Amino acid sequence: MERKKVLEITDLNIFFDISLGTVKAVENVSFNLYEGESLGLVGESGCGKTTTALSTMGMLPDNGYLDNGSILYEDKDIAKNSETDWQLYRWNDISMVFQGAMNALNPVKKISFQIAEAILLHNPGMKDDDVRARIVELFKVVGLDEKRVDDYPHEFSGGMRQRVMIAMALACDPKVLIADEPTTALDVMVQAQIIDLINELRGKMHMSMMIITHDLSIISETCDRIAVMYAGNIVEIGSVRSVIKESKHPYTQKLIAAFPNIYGKKTLIESIPGSPPNLLEPPSGCRFHLRCDKAMDVCKREVPVPIDFGNGHFAACHLLGGHHE
Ligand code: SF4
């Protein structure tokens with residue numbers, strides 16, 4: 001049975017104009033998000049994963065813009081949304097838990113007041129009792145004690161505040177939830193609890209999710225599919241199992257080798273030499289060629305096209321296309 005696409009992103013280019021020129025933050029990015037699935041976007045800082053997600057919320061910074069591409073949400077190209085369209089759609093359809101947002105709660109307002117604000121923004125006529133009931137319901141959904149709805153943020157631990165942020169993002173029953181580094185800055189035990197919560201929400205609410213992280217272990221615990229980004233491009237995409245167990249792209253392989261495996265043999269963790277390129281002047285050809293130990297001449301000249309390995313597993317690398325030099 002064909003899976004229903006909730007989001008269909010095609011040939012997306014997102015650029016930022018700065019005083020030094022134009023930063024090509026995202027280029028030629030295409031992927032689908034299917035109903036009920038969880039897709040992980042992974043890569044080093046600055047690879048374009050958050051920028052891609054922000055474009056689906058119409059929340060790019062003022063100097064950022066779509067240079068090309070479309071973002072179909074339920075068959076409508078939301079890339080063409082006016083600000084009025086975005087206001088109707090943002091949080092109601094696609095919602096986001098921002099990185100570090102748990103530290104952005106207003107310290108002098110009760111949690112109930114802050115969640116009520118999120119609810120009333122999109123349901124301005126809602127009665128007080130109904131708003132209160134919705135807050136209590138959201139507290140239950142995210143595993144918080146409903147008796148604490150009138151507490152202040154400082155009375156909550158980091159993990160509980162992250163649950164509050166997730167509750168706020170769910171306030172309007174979105175079809176898609178994006179979580180940007182949802183466990184960063186939490187200790188390991190609390191990270192595990194937030195991962196459990198994310199998995200529980202998927203089961204309960206049948207939402208589609210996009211999880212943005214640099215941490216492959218979070219992807220493997222929360223996602224069905226994974227898109228690996230490098231310097232603004234998707235270099236490999238497929239099911240978590242096939243991408244992690246049978247990675248094809250040299251960058252994905254390096255990324256996997258850079259993570260400890262507590263089940264495997266004890267080996268030294270490898271680091272990826274060099275640093276991501278300056279996207280004001282991205283490298284020609286394959287953007288990874290300056291750091292790739294398998295780079296060939298063709299890699300400097302030509303942009304590799306994605307090769308299909310079946311079952312939705314694609315990777316873009318000249319080696320995989322049969323080039324040998
Ligand atoms: Fe390395 Fe070339 Fe493949 Fe890029 S295209 S990952 S440089 S081998």
# chains A, B, ... in the order shown; residues from 1 in each chain; ligands from 1
$ select_by_dssp --residues "range 105-264 of chain A" --states "strand (DSSP E or B)" --output "list of chain:residue names"
A:Val176, A:Leu177, A:Ile178, A:Ala179, A:Asp180, A:Ser208, A:Met209, A:Met210, A:Ile211, A:Ile212, A:Thr213, A:Arg225, A:Ile226, A:Ala227, A:Val228, A:Met229, A:Tyr230, A:Asn233, A:Ile234, A:Val235, A:Glu236, A:Ile237, A:Gly238, A:Ser239
$ write_last_selection --atoms "N, CA, C and O atoms" --output "compact mmCIF listing (two decimals), in the first residue's frame"
# COMPACT_ATOMS: atom_id res chain seq x y z
N VAL A 176 2.25 17.40 12.07
CA VAL A 176 3.70 17.16 12.03
C VAL A 176 4.35 17.85 13.22
O VAL A 176 4.04 19.02 13.52
N LEU A 177 5.22 17.12 13.91
CA LEU A 177 5.97 17.73 15.01
C LEU A 177 7.46 17.65 14.67
O LEU A 177 7.97 16.58 14.34
N ILE A 178 8.11 18.82 14.73
CA ILE A 178 9.56 18.85 14.50
C ILE A 178 10.23 19.06 15.86
O ILE A 178 9.83 19.96 16.61
N ALA A 179 11.21 18.25 16.17
CA ALA A 179 11.93 18.43 17.43
C ALA A 179 13.41 18.65 17.10
O ALA A 179 14.04 17.79 16.49
N ASP A 180 13.91 19.83 17.47
CA ASP A 180 15.29 20.19 17.16
C ASP A 180 16.17 19.91 18.37
O ASP A 180 16.03 20.58 19.40
N SER A 208 3.31 12.67 12.30
CA SER A 208 4.58 12.51 11.60
C SER A 208 5.59 13.37 12.37
O SER A 208 5.22 14.43 12.89
N MET A 209 6.81 12.90 12.44
CA MET A 209 7.82 13.66 13.19
C MET A 209 9.09 13.85 12.38
O MET A 209 9.44 12.99 11.57
N MET A 210 9.73 14.99 12.62
CA MET A 210 11.08 15.19 12.10
C MET A 210 11.96 15.45 13.31
O MET A 210 11.67 16.37 14.08
N ILE A 211 12.95 14.62 13.50
CA ILE A 211 13.85 14.78 14.65
C ILE A 211 15.19 15.27 14.11
O ILE A 211 15.81 14.60 13.27
N ILE A 212 15.61 16.44 14.58
CA ILE A 212 16.88 17.01 14.12
C ILE A 212 17.92 16.79 15.20
O ILE A 212 17.69 17.16 16.36
N THR A 213 19.02 16.20 14.84
CA THR A 213 20.05 15.97 15.86
C THR A 213 21.40 15.70 15.20
O THR A 213 21.47 15.38 14.01
N ARG A 225 13.22 6.49 9.44
CA ARG A 225 14.15 6.77 8.34
C ARG A 225 15.11 7.86 8.77
O ARG A 225 14.85 8.61 9.72
N ILE A 226 16.18 7.98 8.02
CA ILE A 226 17.22 8.95 8.36
C ILE A 226 17.69 9.64 7.07
O ILE A 226 17.84 8.98 6.04
N ALA A 227 17.87 10.95 7.15
CA ALA A 227 18.48 11.69 6.04
C ALA A 227 19.77 12.30 6.58
O ALA A 227 19.76 13.03 7.57
N VAL A 228 20.89 11.93 5.97
CA VAL A 228 22.18 12.44 6.42
C VAL A 228 22.52 13.67 5.59
O VAL A 228 22.53 13.61 4.36
N MET A 229 22.76 14.79 6.27
CA MET A 229 23.07 16.04 5.55
C MET A 229 24.53 16.41 5.74
O MET A 229 25.09 16.25 6.82
N TYR A 230 25.11 16.91 4.65
CA TYR A 230 26.47 17.44 4.73
C TYR A 230 26.52 18.73 3.92
O TYR A 230 26.19 18.74 2.73
N ASN A 233 23.55 19.62 1.69
CA ASN A 233 22.99 18.59 0.78
C ASN A 233 22.60 17.35 1.59
O ASN A 233 23.23 17.06 2.60
N ILE A 234 21.59 16.62 1.08
CA ILE A 234 21.36 15.28 1.63
C ILE A 234 22.29 14.33 0.88
O ILE A 234 22.22 14.24 -0.35
N VAL A 235 23.17 13.65 1.62
CA VAL A 235 24.11 12.76 0.95
C VAL A 235 23.64 11.31 0.98
O VAL A 235 24.06 10.49 0.16
N GLU A 236 22.78 10.98 1.95
CA GLU A 236 22.27 9.61 2.03
C GLU A 236 20.93 9.63 2.75
O GLU A 236 20.74 10.39 3.71
N ILE A 237 20.01 8.81 2.29
CA ILE A 237 18.69 8.73 2.93
C ILE A 237 18.18 7.30 2.81
O ILE A 237 18.46 6.63 1.81
N GLY A 238 17.48 6.85 3.83
CA GLY A 238 16.92 5.49 3.78
C GLY A 238 16.41 5.09 5.14
O GLY A 238 16.36 5.92 6.06
N SER A 239 16.05 3.82 5.29
CA SER A 239 15.58 3.37 6.60
C SER A 239 16.76 3.43 7.56
O SER A 239 17.93 3.31 7.15
$ residues_near_ligand --ligand "ligand 1" --cutoff "8 Å" --atoms "only C-alpha atoms and all ligand atoms" --output "list in words"
His249, Pro250, Tyr251, Gly285, Cys286, Arg287, Phe288, His289, Leu290, Arg291, Cys292, Asp293, Lys294, Ala295, Met296, Val298, Cys299, Lys300, Val303, Pro304, Ala316, Cys317, His318, Leu319 and Leu320 of chain A
$ residues_around --residues "range 74-77 of chain A" --least-positions-apart "3" --cutoff "9 Å" --atoms "only C-alpha atoms" --output "list in words"
Lys5, Val6, Leu7, Glu8, Ser70, Ile71, Lys80 and Asn81 of chain A
$ residues_around --residues "Phe15 in chain A" --least-positions-apart "2" --cutoff "10 Å" --atoms "only C-alpha atoms" --output "mmCIF file with N, CA and C atoms, in the first residue's frame"
data_model
loop_
_atom_site.group_PDB
_atom_site.id
_atom_site.type_symbol
_atom_site.label_atom_id
_atom_site.label_comp_id
_atom_site.auth_asym_id
_atom_site.auth_seq_id
_atom_site.Cartn_x
_atom_site.Cartn_y
_atom_site.Cartn_z
ATOM 1 N N LEU A 12 14.915 21.877 -2.998
ATOM 2 C CA LEU A 12 14.914 23.063 -2.135
ATOM 3 C C LEU A 12 16.300 23.711 -2.062
ATOM 4 N N ASN A 13 16.337 25.002 -2.353
ATOM 5 C CA ASN A 13 17.552 25.803 -2.130
ATOM 6 C C ASN A 13 17.188 26.896 -1.130
ATOM 7 N N ASP A 17 21.439 36.058 2.548
ATOM 8 C CA ASP A 17 22.273 37.180 2.116
ATOM 9 C C ASP A 17 22.940 37.791 3.338
ATOM 10 N N ILE A 18 24.263 37.845 3.343
ATOM 11 C CA ILE A 18 24.988 38.521 4.425
ATOM 12 C C ILE A 18 25.935 39.533 3.785
ATOM 13 N N THR A 22 26.437 35.614 -0.464
ATOM 14 C CA THR A 22 25.271 34.744 -0.291
ATOM 15 C C THR A 22 25.701 33.380 0.247
ATOM 16 N N VAL A 23 25.136 33.012 1.382
ATOM 17 C CA VAL A 23 25.437 31.696 1.964
ATOM 18 C C VAL A 23 24.444 30.688 1.389
ATOM 19 N N LYS A 24 24.984 29.662 0.726
ATOM 20 C CA LYS A 24 24.109 28.625 0.140
ATOM 21 C C LYS A 24 23.926 27.527 1.188
ATOM 22 N N ALA A 25 22.992 27.772 2.103
ATOM 23 C CA ALA A 25 22.869 26.912 3.290
ATOM 24 C C ALA A 25 22.259 25.557 2.982
ATOM 25 N N VAL A 26 21.350 25.525 2.017
ATOM 26 C CA VAL A 26 20.680 24.271 1.637
ATOM 27 C C VAL A 26 20.570 24.269 0.120
ATOM 28 N N GLU A 27 20.987 23.169 -0.521
ATOM 29 C CA GLU A 27 20.886 23.120 -1.990
ATOM 30 C C GLU A 27 20.448 21.751 -2.471
ATOM 31 N N THR A 51 17.770 24.693 9.269
ATOM 32 C CA THR A 51 17.294 25.629 8.236
ATOM 33 C C THR A 51 16.202 24.969 7.388
ATOM 34 N N LEU A 60 12.135 31.274 8.449
ATOM 35 C CA LEU A 60 13.529 31.607 8.147
ATOM 36 C C LEU A 60 13.824 33.023 8.644
ATOM 37 N N ASN A 63 16.968 37.533 6.533
ATOM 38 C CA ASN A 63 17.896 37.523 5.389
ATOM 39 C C ASN A 63 17.907 36.177 4.653
ATOM 40 N N GLY A 64 17.042 35.250 5.083
ATOM 41 C CA GLY A 64 17.004 33.934 4.433
ATOM 42 C C GLY A 64 15.831 33.834 3.471
ATOM 43 N N TYR A 65 16.004 33.076 2.391
ATOM 44 C CA TYR A 65 14.923 32.952 1.408
ATOM 45 C C TYR A 65 15.056 31.655 0.617
ATOM 46 N N LEU A 66 13.926 31.238 0.059
ATOM 47 C CA LEU A 66 13.943 30.062 -0.817
ATOM 48 C C LEU A 66 14.342 30.532 -2.201
ATOM 49 N N ASP A 67 15.465 30.052 -2.668
ATOM 50 C CA ASP A 67 15.923 30.426 -4.003
ATOM 51 C C ASP A 67 15.269 29.524 -5.048
ATOM 52 N N ASN A 68 14.876 28.347 -4.596
ATOM 53 C CA ASN A 68 14.273 27.391 -5.539
ATOM 54 C C ASN A 68 13.557 26.309 -4.734
ATOM 55 N N LEU A 279 30.051 27.928 3.389
ATOM 56 C CA LEU A 279 28.995 27.851 2.371
ATOM 57 C C LEU A 279 28.781 29.175 1.627
ATOM 58 N N LEU A 280 29.635 30.171 1.924
ATOM 59 C CA LEU A 280 29.654 31.360 1.065
ATOM 60 C C LEU A 280 30.243 30.974 -0.290
#
$ residues_around --residues "range 221-224 of chain A" --least-positions-apart "3" --cutoff "7 Å" --atoms "only C-alpha atoms" --output "MDAnalysis selection string"
chainID A and resid 37:40 195 199 217:218 239:240
$ closest_residue --among "A:Gln99, A:Leu170, A:Pro153, A:Pro61" --to "Lys140 in chain A" --atoms "only C-alpha atoms"
A:Leu170
$ closest_residue --among "A:Gln162, A:Gln253, A:Gln87, A:Ser284" --to "Ile272 in chain A" --atoms "only C-alpha atoms"
A:Gln253
$ atom_distance --atom1 "CA of Thr184 in chain A" --atom2 "CA of Asn103 in chain A"
11.6 Å
$ atom_distance --atom1 "CA of Asn92 in chain A" --atom2 "CA of Ile111 in chain A"
20.4 Å
$ closest_residue --among "A:Gly312, A:Leu20, A:Trp91, A:Ser271" --to "Lys254 in chain A" --atoms "only C-alpha atoms"
A:Ser271
$ closest_residue --among "A:Ala185, A:Met59, A:Arg3, A:Trp86" --to "Glu35 in chain A" --atoms "only C-alpha atoms"
A:Arg3
$ decode --residues "range 68-181 of chain A" --atoms "C-alpha atoms" --output "compact mmCIF listing (two decimals), in the first residue's frame"
# COMPACT_ATOMS: atom_id res chain seq x y z
CA ASN A 68 14.27 27.39 -5.54
CA GLY A 69 12.04 24.44 -4.80
CA SER A 70 8.66 23.55 -3.39
CA ILE A 71 7.33 22.34 -0.05
CA LEU A 72 4.04 20.52 -0.55
CA TYR A 73 1.99 20.04 2.59
CA GLU A 74 -1.08 17.97 1.80
CA ASP A 75 -0.61 18.92 -1.89
CA LYS A 76 -0.42 22.70 -1.29
CA ASP A 77 2.88 24.48 -1.95
CA ILE A 78 3.38 26.21 1.38
CA ALA A 79 6.63 27.72 0.13
CA LYS A 80 4.34 30.27 -1.57
CA ASN A 81 2.45 31.08 1.66
CA SER A 82 1.84 34.71 2.56
CA GLU A 83 2.49 35.66 6.19
CA THR A 84 -1.28 35.47 6.80
CA ASP A 85 -1.32 31.91 5.42
CA TRP A 86 1.59 30.97 7.67
CA GLN A 87 -0.18 32.31 10.74
CA LEU A 88 -3.15 30.05 10.06
CA TYR A 89 -1.01 27.04 9.40
CA ARG A 90 1.98 27.30 11.75
CA TRP A 91 1.48 25.35 15.04
CA ASN A 92 -1.94 24.09 13.82
CA ASP A 93 -0.46 21.89 11.09
CA ILE A 94 3.27 21.78 11.70
CA SER A 95 4.71 22.55 15.09
CA MET A 96 8.24 22.67 16.44
CA VAL A 97 10.10 22.19 19.69
CA PHE A 98 13.05 24.53 19.27
CA GLN A 99 16.56 23.73 20.39
CA GLY A 100 17.11 24.96 23.95
CA ALA A 101 13.55 26.29 24.12
CA MET A 102 13.05 24.85 27.61
CA ASN A 103 15.30 27.66 28.81
CA ALA A 104 13.10 30.25 27.11
CA LEU A 105 10.09 29.81 29.41
CA ASN A 106 9.15 33.06 31.11
CA PRO A 107 10.42 32.68 34.71
CA VAL A 108 7.77 34.96 36.24
CA LYS A 109 4.68 33.38 34.63
CA LYS A 110 3.02 30.17 35.72
CA ILE A 111 3.33 27.24 33.31
CA SER A 112 -0.48 27.18 32.94
CA PHE A 113 -0.45 30.82 31.79
CA GLN A 114 2.25 30.13 29.20
CA ILE A 115 0.52 27.07 27.74
CA ALA A 116 -2.80 28.96 27.75
CA GLU A 117 -1.16 31.69 25.65
CA ALA A 118 -0.14 29.07 23.06
CA ILE A 119 -3.65 27.61 23.00
CA LEU A 120 -5.45 30.97 22.82
CA LEU A 121 -3.22 32.27 20.05
CA HIS A 122 -4.88 29.78 17.72
CA ASN A 123 -8.24 29.41 19.48
CA PRO A 124 -8.98 32.98 20.52
CA GLY A 125 -12.61 32.30 21.47
CA MET A 126 -11.94 29.31 23.72
CA LYS A 127 -13.59 29.47 27.15
CA ASP A 128 -11.38 29.56 30.29
CA ASP A 129 -12.63 26.18 31.54
CA ASP A 130 -11.91 24.56 28.18
CA VAL A 131 -8.42 26.07 28.06
CA ARG A 132 -7.76 24.74 31.56
CA ALA A 133 -9.06 21.31 30.59
CA ARG A 134 -6.82 21.30 27.52
CA ILE A 135 -3.75 22.22 29.63
CA VAL A 136 -4.52 19.36 32.04
CA GLU A 137 -4.97 17.00 29.08
CA LEU A 138 -1.63 18.12 27.59
CA PHE A 139 0.10 17.63 30.94
CA LYS A 140 -1.19 14.06 31.01
CA VAL A 141 -0.12 13.44 27.40
CA VAL A 142 3.47 14.45 28.16
CA GLY A 143 3.59 12.63 31.49
CA LEU A 144 3.51 15.62 33.87
CA ASP A 145 1.54 15.72 37.12
CA GLU A 146 -1.58 17.78 36.42
CA LYS A 147 -1.45 19.16 39.97
CA ARG A 148 1.60 21.15 38.93
CA VAL A 149 0.07 23.17 36.11
CA ASP A 150 0.27 26.33 38.21
CA ASP A 151 3.92 25.92 39.13
CA TYR A 152 6.60 28.29 37.85
CA PRO A 153 9.36 27.13 35.46
CA HIS A 154 12.05 27.21 38.18
CA GLU A 155 10.08 24.59 40.12
CA PHE A 156 10.54 22.14 37.22
CA SER A 157 13.65 20.15 36.32
CA GLY A 158 15.19 20.43 32.82
CA GLY A 159 13.43 17.27 31.68
CA MET A 160 10.08 18.51 32.97
CA ARG A 161 10.54 21.86 31.22
CA GLN A 162 11.28 20.01 27.99
CA ARG A 163 8.00 18.12 28.50
CA VAL A 164 6.26 21.50 28.91
CA MET A 165 7.75 22.65 25.60
CA ILE A 166 6.51 19.48 23.91
CA ALA A 167 3.06 20.05 25.48
CA MET A 168 3.03 23.60 24.03
CA ALA A 169 3.99 22.29 20.60
CA LEU A 170 1.11 19.80 20.79
CA ALA A 171 -1.40 22.42 21.96
CA CYS A 172 -3.15 22.66 18.58
CA ASP A 173 -2.96 18.98 17.61
CA PRO A 174 -0.47 19.38 14.74
CA LYS A 175 -0.07 16.72 12.04
CA VAL A 176 3.70 17.16 12.03
CA LEU A 177 5.97 17.73 15.01
CA ILE A 178 9.56 18.85 14.50
CA ALA A 179 11.93 18.43 17.43
CA ASP A 180 15.29 20.19 17.16
CA GLU A 181 17.94 18.53 19.35
